[in-house]
$ cat coords-v8.txt   # compact mmCIF, C-alpha atoms
# COMPACT_ATOMS: atom_id res chain seq x y z
CA MET A 1 16.42 6.24 2.82
CA LEU A 2 12.92 6.77 1.41
CA SER A 3 13.88 9.92 -0.46
CA LEU A 4 17.06 8.34 -1.81
CA ALA A 5 15.30 5.25 -3.10
CA LEU A 6 12.30 6.95 -4.65
CA GLY A 7 14.41 9.82 -5.90
CA ALA A 8 16.46 7.34 -7.87
CA CYS A 9 13.26 5.81 -9.23
CA ALA A 10 11.96 9.20 -10.32
CA MET A 11 15.08 9.85 -12.41
CA ALA A 12 14.68 6.63 -14.42
CA PRO A 13 13.96 7.26 -18.13
CA ARG A 14 10.60 5.49 -18.38
CA TRP A 15 8.32 3.41 -16.21
CA PRO A 16 5.50 0.98 -16.96
CA ALA A 17 2.02 2.28 -16.22
CA ILE A 18 0.18 1.11 -13.11
CA SER A 19 -2.66 -0.18 -15.29
CA ASP A 20 -2.40 -2.96 -17.87
CA SER A 21 -4.44 -0.83 -20.27
CA ALA A 22 -5.13 2.89 -20.44
CA THR A 23 -8.49 3.67 -18.85
CA GLY A 24 -8.42 7.45 -19.21
CA ARG A 25 -10.20 7.64 -15.86
CA HIS A 26 -8.88 8.86 -12.53
CA MET A 27 -10.70 7.94 -9.33
CA PRO A 28 -9.23 10.02 -6.46
CA GLY A 29 -9.38 8.21 -3.16
CA ARG A 30 -8.52 4.75 -4.50
CA TRP A 31 -5.30 3.06 -3.42
CA VAL A 32 -4.05 1.92 -6.79
CA TRP A 33 -0.52 0.59 -6.24
CA MET A 34 2.04 -0.43 -3.64
CA ASP A 35 5.83 -0.54 -3.69
CA LEU A 36 8.16 -2.51 -1.45
CA LEU A 37 11.38 -0.74 -0.48
CA THR A 38 13.82 -3.45 0.54
CA PRO A 39 17.54 -3.76 1.29
CA ASP A 40 17.65 -7.18 -0.42
CA LEU A 41 15.55 -7.31 -3.55
CA ASP A 42 16.47 -10.88 -4.49
CA ALA A 43 15.60 -12.27 -1.05
CA SER A 44 12.31 -10.35 -0.99
CA ALA A 45 11.34 -11.67 -4.42
CA ARG A 46 12.09 -15.25 -3.37
CA PHE A 47 9.96 -14.91 -0.25
CA TYR A 48 6.92 -13.43 -1.97
CA GLN A 49 7.09 -15.85 -4.86
CA GLU A 50 6.97 -18.76 -2.41
CA VAL A 51 4.06 -17.24 -0.49
CA PHE A 52 1.90 -15.84 -3.32
CA ASP A 53 3.43 -17.21 -6.52
CA TRP A 54 3.83 -13.65 -7.77
CA ARG A 55 5.55 -13.11 -11.10
CA PHE A 56 8.28 -10.50 -11.48
CA GLU A 57 9.45 -8.44 -14.43
CA PRO A 58 12.81 -6.72 -13.94
CA LEU A 59 13.23 -3.28 -15.46
CA ALA A 60 16.66 -3.28 -17.10
CA GLY A 61 19.13 -0.42 -17.12
CA ARG A 62 18.25 1.05 -13.73
CA GLU A 63 20.75 1.51 -10.94
CA ASP A 64 17.99 1.30 -8.32
CA ARG A 65 16.84 -2.21 -9.45
CA TYR A 66 13.07 -2.41 -9.74
CA LEU A 67 10.79 -5.40 -10.16
CA LEU A 68 7.26 -5.12 -11.51
CA VAL A 69 4.94 -7.49 -9.62
CA GLN A 70 2.01 -9.36 -11.17
CA ALA A 71 -0.64 -11.62 -9.65
CA GLY A 72 -2.13 -13.67 -12.43
CA ALA A 73 -2.37 -11.33 -15.41
CA ARG A 74 -2.66 -8.15 -13.34
CA ARG A 75 0.16 -5.83 -12.32
CA PHE A 76 -0.44 -4.15 -9.00
CA ALA A 77 2.89 -3.55 -7.24
CA GLY A 78 6.62 -3.06 -7.52
CA MET A 79 9.76 -3.73 -5.51
CA VAL A 80 12.76 -1.43 -5.37
CA GLN A 81 16.14 -2.00 -3.71
CA TYR A 82 17.79 0.77 -1.74
CA ALA A 83 21.45 0.75 -0.82
CA LYS A 84 22.07 -0.68 2.63
CA ALA A 85 24.77 1.91 3.17
CA SER A 86 22.20 4.72 2.96
CA GLU A 87 20.64 3.69 6.28
CA PRO A 88 22.23 0.65 7.97
CA GLY A 89 19.74 -1.55 9.81
CA ARG A 90 16.69 -0.02 8.11
CA LYS A 91 13.93 -2.55 7.63
CA ALA A 92 11.91 -3.02 4.47
CA ARG A 93 8.51 -1.39 4.17
CA TRP A 94 5.50 -1.38 1.89
CA LEU A 95 4.40 2.01 0.58
CA GLY A 96 0.84 2.53 -0.67
CA LEU A 97 0.03 4.93 -3.51
CA LEU A 98 -3.20 6.91 -3.35
CA SER A 99 -4.80 8.26 -6.52
CA VAL A 100 -5.33 12.03 -6.49
CA ALA A 101 -6.64 14.49 -9.06
CA ASP A 102 -3.79 16.96 -8.49
CA VAL A 103 -0.50 16.16 -6.75
CA ALA A 104 0.30 19.82 -6.02
CA ALA A 105 -3.12 20.29 -4.44
CA ALA A 106 -2.57 17.16 -2.35
CA ALA A 107 0.73 18.63 -1.11
CA ARG A 108 -1.06 21.80 0.00
CA GLN A 109 -3.71 19.76 1.80
CA VAL A 110 -1.03 17.69 3.55
CA ASN A 111 0.75 20.81 4.76
CA ALA A 112 -2.49 22.48 5.84
CA GLY A 113 -3.39 19.39 7.86
CA GLY A 114 -0.07 19.24 9.71
CA GLY A 115 1.63 16.59 7.59
CA ALA A 116 5.05 16.82 5.95
CA SER A 117 6.63 16.24 2.56
CA ARG A 118 9.09 13.36 2.33
CA LEU A 119 9.66 13.53 -1.42
CA PRO A 120 8.38 16.46 -3.52
CA ALA A 121 6.36 15.78 -6.63
CA LYS A 122 8.38 13.94 -9.28
CA PRO A 123 7.33 13.08 -12.83
CA MET A 124 7.89 9.39 -13.61
CA ALA A 125 7.70 9.10 -17.38
CA GLY A 126 5.16 6.48 -18.37
CA ARG A 127 3.71 6.23 -14.88
CA GLY A 128 2.64 9.70 -13.79
CA GLU A 129 3.39 12.26 -11.11
CA VAL A 130 4.23 10.95 -7.64
CA ALA A 131 4.95 12.51 -4.25
CA VAL A 132 5.59 11.03 -0.80
CA PHE A 133 4.29 12.45 2.48
CA ALA A 134 4.03 11.71 6.19
CA ASP A 135 0.82 12.38 8.08
CA PRO A 136 0.84 14.26 11.43
CA GLU A 137 1.53 11.01 13.32
CA GLY A 138 4.39 10.05 11.00
CA ALA A 139 2.70 7.40 8.83
CA VAL A 140 4.25 7.50 5.34
CA PHE A 141 2.16 7.33 2.17
CA ALA A 142 2.45 8.33 -1.48
CA VAL A 143 0.07 9.92 -3.96
CA ILE A 144 -0.05 9.48 -7.72
CA HIS A 145 -1.76 11.06 -10.70
CA ALA A 146 -1.30 8.27 -13.20
CA GLU A 147 -0.64 8.65 -16.90
CA GLY A 148 -3.39 6.91 -18.81
CA GLY A 149 -5.67 6.76 -15.79
CA ASP A 150 -6.14 4.40 -12.86
CA PRO A 151 -6.66 0.63 -13.18
CA PRO A 152 -10.25 -0.59 -13.65
CA ASP A 153 -12.21 -0.41 -10.41
CA THR A 154 -12.91 -4.12 -9.98
CA PHE A 155 -13.02 -6.30 -6.90
CA PRO A 156 -9.40 -7.28 -6.08
CA PRO A 157 -8.39 -10.70 -7.42
CA ILE A 158 -6.60 -13.29 -5.30
CA ASP A 159 -3.00 -12.43 -4.31
CA SER A 160 -3.34 -8.71 -5.13
CA LEU A 161 -3.76 -5.49 -3.13
CA PHE A 162 -7.07 -5.72 -1.30
CA TRP A 163 -7.26 -3.05 1.40
CA MET A 164 -5.32 -0.28 3.14
CA GLU A 165 -5.56 0.20 6.89
CA LEU A 166 -4.03 3.00 8.94
CA TRP A 167 -3.13 2.23 12.55
CA ALA A 168 -3.38 5.59 14.29
CA GLY A 169 -3.06 6.99 17.78
CA ASP A 170 -5.95 9.39 17.10
CA ALA A 171 -8.08 7.69 14.46
CA GLU A 172 -10.77 10.35 14.20
CA ARG A 173 -8.22 13.12 13.72
CA MET A 174 -6.29 11.12 11.10
CA ALA A 175 -9.49 10.32 9.21
CA ASP A 176 -10.17 14.06 9.05
CA PHE A 177 -6.60 14.64 7.85
CA TYR A 178 -7.03 12.27 4.89
CA ARG A 179 -10.56 13.48 4.06
CA PRO A 180 -9.57 16.32 1.67
CA ILE A 181 -6.53 14.52 0.25
CA GLY A 182 -8.54 11.60 -1.09
CA GLY A 183 -11.81 13.50 -1.47
CA TYR A 184 -13.27 11.11 1.07
CA ARG A 185 -16.50 10.92 2.92
CA VAL A 186 -15.53 9.73 6.40
CA LYS A 187 -17.90 7.14 7.81
CA PRO A 188 -17.65 5.89 11.39
CA SER A 189 -17.79 2.11 11.32
CA ALA A 190 -19.47 -0.01 13.92
CA THR A 191 -16.94 -0.71 16.63
CA ILE A 192 -14.93 -3.73 15.49
CA ASP A 193 -13.94 -6.02 18.34
CA GLY A 194 -14.00 -3.08 20.73
CA VAL A 195 -11.75 -0.95 18.49
CA GLU A 196 -12.88 2.30 16.86
CA GLU A 197 -12.66 2.32 13.07
CA TRP A 198 -13.36 4.97 10.45
CA HIS A 199 -13.97 4.15 6.79
CA LEU A 200 -12.65 6.43 4.02
CA VAL A 201 -15.31 6.35 1.31
CA ALA A 202 -14.84 7.45 -2.31
CA PHE A 203 -17.19 6.86 -5.22
CA ASP A 204 -19.68 5.35 -2.76
CA TYR A 205 -17.30 2.55 -1.76
CA PRO A 206 -14.99 2.15 1.28
CA ARG A 207 -11.39 2.44 0.07
CA ALA A 208 -9.46 2.25 3.34
CA SER A 209 -9.93 2.40 7.08
CA VAL A 210 -8.36 4.18 10.02
CA VAL A 211 -8.15 2.05 13.16
CA GLN A 212 -7.59 3.35 16.67
CA VAL A 213 -4.58 1.89 18.48
CA LYS A 214 -3.31 2.70 21.94
CA GLN A 215 -1.09 5.74 21.80
CA ASN A 216 2.60 5.13 22.56
CA GLU A 217 2.18 1.38 22.04
CA GLN A 218 2.23 1.28 18.23
CA THR A 219 3.98 3.46 15.69
CA SER A 220 1.36 4.94 13.38
CA HIS A 221 1.62 3.36 9.93
CA TRP A 222 -0.29 2.21 6.87
CA LEU A 223 -0.75 -1.54 6.51
CA PRO A 224 -1.61 -2.95 3.06
CA TYR A 225 -3.61 -6.17 2.82
CA VAL A 226 -3.34 -8.83 0.13
CA ARG A 227 -6.39 -10.98 -0.62
CA VAL A 228 -5.71 -14.73 -0.33
CA ALA A 229 -7.75 -17.82 -1.16
CA ASP A 230 -6.80 -19.81 1.95
CA LEU A 231 -5.49 -17.92 4.97
CA GLY A 232 -4.19 -20.98 6.81
CA ALA A 233 -2.29 -22.29 3.79
CA SER A 234 -0.85 -18.83 3.11
CA LEU A 235 0.43 -18.51 6.68
CA ALA A 236 2.04 -21.94 6.46
CA ARG A 237 3.91 -20.78 3.36
CA VAL A 238 4.95 -17.57 5.13
CA GLU A 239 6.62 -19.49 7.94
CA LYS A 240 8.18 -22.04 5.59
CA ALA A 241 9.69 -19.20 3.52
CA GLY A 242 11.24 -17.55 6.57
CA GLY A 243 8.62 -14.97 7.52
CA ARG A 244 6.72 -14.80 10.78
CA VAL A 245 3.11 -14.30 11.81
CA LEU A 246 2.71 -11.10 13.82
CA VAL A 247 -1.08 -11.30 14.30
CA ALA A 248 -2.60 -14.77 13.94
CA PRO A 249 -6.21 -15.32 12.81
CA SER A 250 -8.64 -15.04 15.69
CA PRO A 251 -12.44 -15.20 15.90
CA GLU A 252 -12.24 -11.95 17.90
CA ILE A 253 -10.56 -10.11 15.02
CA ARG A 254 -12.72 -9.75 11.90
CA GLU A 255 -14.17 -13.24 12.39
CA GLY A 256 -10.79 -14.87 11.82
CA GLN A 257 -10.50 -13.63 8.24
CA ILE A 258 -7.26 -11.65 8.60
CA ALA A 259 -3.67 -12.02 9.77
CA VAL A 260 -0.58 -9.81 9.79
CA ILE A 261 2.83 -11.12 8.76
CA VAL A 262 6.38 -9.77 8.71
CA ASP A 263 8.65 -10.76 5.84
CA PRO A 264 12.33 -11.70 6.38
CA GLN A 265 13.41 -8.13 5.60
CA GLY A 266 11.06 -6.64 8.20
CA ALA A 267 8.11 -5.40 6.10
CA ALA A 268 4.65 -5.89 7.61
CA LEU A 269 1.77 -7.02 5.40
CA GLY A 270 -1.82 -7.98 6.09
CA LEU A 271 -3.50 -11.05 4.60
CA ALA A 272 -7.27 -11.29 4.19
CA GLU A 273 -9.33 -14.31 3.20
CA TRP A 274 -12.40 -12.54 1.91
CA ARG A 275 -15.17 -15.06 1.45
CA ASP A 276 -17.56 -12.89 -0.56
CA ALA A 277 -17.78 -13.76 -4.25
CA ASP A 278 -16.12 -11.33 -6.64
CA VAL A 279 -18.49 -8.46 -7.25
CA GLY A 280 -17.03 -7.40 -10.60
CA GLU A 281 -17.00 -3.72 -11.51
CA VAL A 282 -17.31 -1.58 -8.40
CA ARG A 283 -17.99 1.64 -10.27
$ encode --input "coords-v8.txt" --output "structure tokens"
Amino acid sequence: MLSLALGACAMAPRWPAISDSATGRHMPGRWVWMDLLTPDLDASARFYQEVFDWRFEPLAGREDRYLLVQAGARRFAGMVQYAKASEPGRKARWLGLLSVADVAAAARQVNAGGGASRLPAKPMAGRGEVAVFADPEGAVFAVIHAEGGDPPDTFPPIDSLFWMELWAGDAERMADFYRPIGGYRVKPSATIDGVEEWHLVAFDYPRASVVQVKQNEQTSHWLPYVRVADLGASLARVEKAGGRVLVAPSPEIREGQIAVIVDPQGAALGLAEWRDADVGEVR
């Protein structure tokens, strides 16, 4: 399913850039985009518009049907429909895109670390070169070397991509796996609520984390987080729109600042009410 959907995307004639303006700067290690692969694009768009008030721009003339997603004036994500017949019963999923300096080099690092290619490097005219991989525990992620450079490295605005978190059966090993791919410095975090966590640091700033989960109880996967202004109000909208709360806010989990939801098509997404003031340019 993943290869079919993204393969169709890669053959499209031209794609909008991931940044609203060309920066000419690449910052390997940043997670710069996310795409939703869904069996029902219209239903997914309705749900997320009700929850986040996202705006959507359809890209005409594409058999795969793709929506560009904006929060406020900033584009940060897309949604693509895959044919239900390609894999009946397959749930939707969010796919994070990691900025790299060289996609071919990233592929070699993935293979050397025991990962696997899911979709070989594909040029997406207007967007850049993209490839999709699975890490040694099966978590799927994509890399991109963007035309025109990555988006400005500012603190994420409300309703946009805020954080990436890997739930892994062997967190330390997976942190080491991603270290060369993103050019990361791996920093053990203080144990959070009794759970081991490793930060992936690039350009002197944490870009993602790897969290230890009990092996055989959770499938290893990447979980994107969206920053929200009011976590309680956002969760109420999730349930009203037909989604469900998988992990409710709790004082024992990051001081009650996060929750995990599942949309009506089955895609998991984290929500974070980050109370710090915007810090402007990170680097």
$ closest_residue --input "coords-v8.txt" --among "A:Ala107, A:Pro264, A:Ser21, A:Gly29" --to "Leu200 (chain A)" --atoms "only C-alpha atoms"
A:Gly29
$ atom_distance --input "coords-v8.txt" --atom1 "CA of Gly169 (chain A)" --atom2 "CA of Phe133 (chain A)"
17.8 Å
$ atom_distance --input "coords-v8.txt" --atom1 "CA of Ala92 (chain A)" --atom2 "CA of Arg75 (chain A)"
20.7 Å
$ residues_around --input "coords-v8.txt" --residues "Pro58 (chain A)" --least-positions-apart "5" --cutoff "8 Å" --atoms "all atoms listed in the file" --output "list in words"
Arg65, Tyr66, Leu67 and Leu68 of chain A
$ residues_around --input "coords-v8.txt" --residues "Gly78 (chain A)" --least-positions-apart "3" --cutoff "10 Å" --atoms "only C-alpha atoms" --output "PDB file with C-alpha atoms, in the frame of the given file"
ATOM      1  CA  ILE A  18       0.180   1.110 -13.110  1.00  0.00           C
ATOM      2  CA  TRP A  33      -0.520   0.590  -6.240  1.00  0.00           C
ATOM      3  CA  MET A  34       2.040  -0.430  -3.640  1.00  0.00           C
ATOM      4  CA  ASP A  35       5.830  -0.540  -3.690  1.00  0.00           C
ATOM      5  CA  LEU A  36       8.160  -2.510  -1.450  1.00  0.00           C
ATOM      6  CA  LEU A  37      11.380  -0.740  -0.480  1.00  0.00           C
ATOM      7  CA  PHE A  56       8.280 -10.500 -11.480  1.00  0.00           C
ATOM      8  CA  GLU A  57       9.450  -8.440 -14.430  1.00  0.00           C
ATOM      9  CA  PRO A  58      12.810  -6.720 -13.940  1.00  0.00           C
ATOM     10  CA  TYR A  66      13.070  -2.410  -9.740  1.00  0.00           C
ATOM     11  CA  LEU A  67      10.790  -5.400 -10.160  1.00  0.00           C
ATOM     12  CA  LEU A  68       7.260  -5.120 -11.510  1.00  0.00           C
ATOM     13  CA  VAL A  69       4.940  -7.490  -9.620  1.00  0.00           C
ATOM     14  CA  GLN A  70       2.010  -9.360 -11.170  1.00  0.00           C
ATOM     15  CA  ARG A  75       0.160  -5.830 -12.320  1.00  0.00           C
ATOM     16  CA  TRP A  94       5.500  -1.380   1.890  1.00  0.00           C
ATOM     17  CA  LEU A  95       4.400   2.010   0.580  1.00  0.00           C
TER      18      LEU A  95
END
$ atom_distance --input "coords-v8.txt" --atom1 "CA of Ala272 (chain A)" --atom2 "CA of Tyr178 (chain A)"
23.6 Å
$ closest_residue --input "coords-v8.txt" --among "A:Gln212, A:Gln257, A:Gln265, A:Ser250" --to "Trp198 (chain A)" --atoms "only C-alpha atoms"
A:Gln212
$ build_atoms --input "coords-v8.txt" --residues "region 159-195 of chain A" --atoms "N, CA and C atoms" --output "compact mmCIF listing (two decimals), in the coordinates of the input"
# COMPACT_ATOMS: atom_id res chain seq x y z
N ASP A 159 -4.44 -12.72 -4.37
CA ASP A 159 -3.00 -12.43 -4.31
C ASP A 159 -2.65 -11.02 -4.75
N SER A 160 -3.63 -10.10 -4.77
CA SER A 160 -3.34 -8.71 -5.13
C SER A 160 -3.78 -7.78 -4.00
N LEU A 161 -3.44 -6.49 -4.15
CA LEU A 161 -3.76 -5.49 -3.13
C LEU A 161 -5.27 -5.44 -2.91
N PHE A 162 -5.66 -5.61 -1.65
CA PHE A 162 -7.07 -5.72 -1.30
C PHE A 162 -7.59 -4.53 -0.49
N TRP A 163 -6.77 -4.03 0.44
CA TRP A 163 -7.26 -3.05 1.40
C TRP A 163 -6.08 -2.29 1.97
N MET A 164 -6.33 -1.06 2.42
CA MET A 164 -5.32 -0.28 3.14
C MET A 164 -5.91 0.10 4.50
N GLU A 165 -5.10 -0.06 5.53
CA GLU A 165 -5.56 0.20 6.89
C GLU A 165 -4.51 1.02 7.62
N LEU A 166 -4.93 2.14 8.17
CA LEU A 166 -4.03 3.00 8.94
C LEU A 166 -4.22 2.71 10.42
N TRP A 167 -3.12 2.36 11.10
CA TRP A 167 -3.13 2.23 12.55
C TRP A 167 -2.71 3.57 13.13
N ALA A 168 -3.61 4.22 13.85
CA ALA A 168 -3.38 5.59 14.29
C ALA A 168 -3.62 5.77 15.77
N GLY A 169 -2.88 6.68 16.37
CA GLY A 169 -3.06 6.99 17.78
C GLY A 169 -4.31 7.82 18.02
N ASP A 170 -4.72 8.61 17.04
CA ASP A 170 -5.95 9.39 17.10
C ASP A 170 -6.68 9.17 15.78
N ALA A 171 -7.47 8.12 15.72
CA ALA A 171 -8.08 7.69 14.46
C ALA A 171 -9.02 8.74 13.88
N GLU A 172 -9.82 9.36 14.71
CA GLU A 172 -10.77 10.35 14.20
C GLU A 172 -10.04 11.53 13.58
N ARG A 173 -9.00 12.01 14.25
CA ARG A 173 -8.22 13.12 13.72
C ARG A 173 -7.54 12.74 12.41
N MET A 174 -6.97 11.53 12.33
CA MET A 174 -6.29 11.12 11.10
C MET A 174 -7.28 10.91 9.96
N ALA A 175 -8.47 10.43 10.25
CA ALA A 175 -9.49 10.32 9.21
C ALA A 175 -9.82 11.69 8.65
N ASP A 176 -9.91 12.69 9.52
CA ASP A 176 -10.17 14.06 9.05
C ASP A 176 -8.99 14.60 8.24
N PHE A 177 -7.77 14.20 8.61
CA PHE A 177 -6.60 14.64 7.85
C PHE A 177 -6.67 14.12 6.41
N TYR A 178 -7.02 12.87 6.23
CA TYR A 178 -7.03 12.27 4.89
C TYR A 178 -8.27 12.65 4.09
N ARG A 179 -9.29 13.17 4.74
CA ARG A 179 -10.56 13.48 4.06
C ARG A 179 -10.36 14.33 2.80
N PRO A 180 -9.71 15.51 2.88
CA PRO A 180 -9.57 16.32 1.67
C PRO A 180 -8.57 15.76 0.67
N ILE A 181 -7.57 15.03 1.15
CA ILE A 181 -6.53 14.52 0.25
C ILE A 181 -7.10 13.52 -0.73
N GLY A 182 -7.92 12.61 -0.23
CA GLY A 182 -8.54 11.60 -1.09
C GLY A 182 -9.93 11.96 -1.55
N GLY A 183 -10.43 13.15 -1.14
CA GLY A 183 -11.81 13.50 -1.47
C GLY A 183 -12.80 12.57 -0.83
N TYR A 184 -12.48 12.15 0.40
CA TYR A 184 -13.27 11.11 1.07
C TYR A 184 -14.50 11.65 1.79
N ARG A 185 -15.47 10.80 1.89
CA ARG A 185 -16.50 10.92 2.92
C ARG A 185 -16.08 9.99 4.05
N VAL A 186 -15.98 10.53 5.25
CA VAL A 186 -15.53 9.73 6.40
C VAL A 186 -16.75 9.15 7.10
N LYS A 187 -16.75 7.84 7.24
CA LYS A 187 -17.90 7.14 7.81
C LYS A 187 -17.47 6.35 9.03
N PRO A 188 -17.97 6.71 10.21
CA PRO A 188 -17.65 5.89 11.39
C PRO A 188 -18.19 4.48 11.20
N SER A 189 -17.37 3.50 11.43
CA SER A 189 -17.79 2.11 11.32
C SER A 189 -18.29 1.65 12.68
N ALA A 190 -19.11 0.61 12.66
CA ALA A 190 -19.47 -0.01 13.92
C ALA A 190 -18.19 -0.47 14.60
N THR A 191 -18.14 -0.31 15.90
CA THR A 191 -16.94 -0.71 16.63
C THR A 191 -16.61 -2.15 16.34
N ILE A 192 -15.36 -2.39 15.84
CA ILE A 192 -14.93 -3.73 15.49
C ILE A 192 -14.12 -4.31 16.64
N ASP A 193 -14.66 -5.33 17.27
CA ASP A 193 -13.94 -6.02 18.34
C ASP A 193 -13.47 -5.04 19.42
N GLY A 194 -14.32 -4.05 19.70
CA GLY A 194 -14.00 -3.08 20.73
C GLY A 194 -13.05 -1.99 20.30
N VAL A 195 -12.70 -1.94 19.01
CA VAL A 195 -11.75 -0.95 18.49
C VAL A 195 -12.48 0.00 17.55
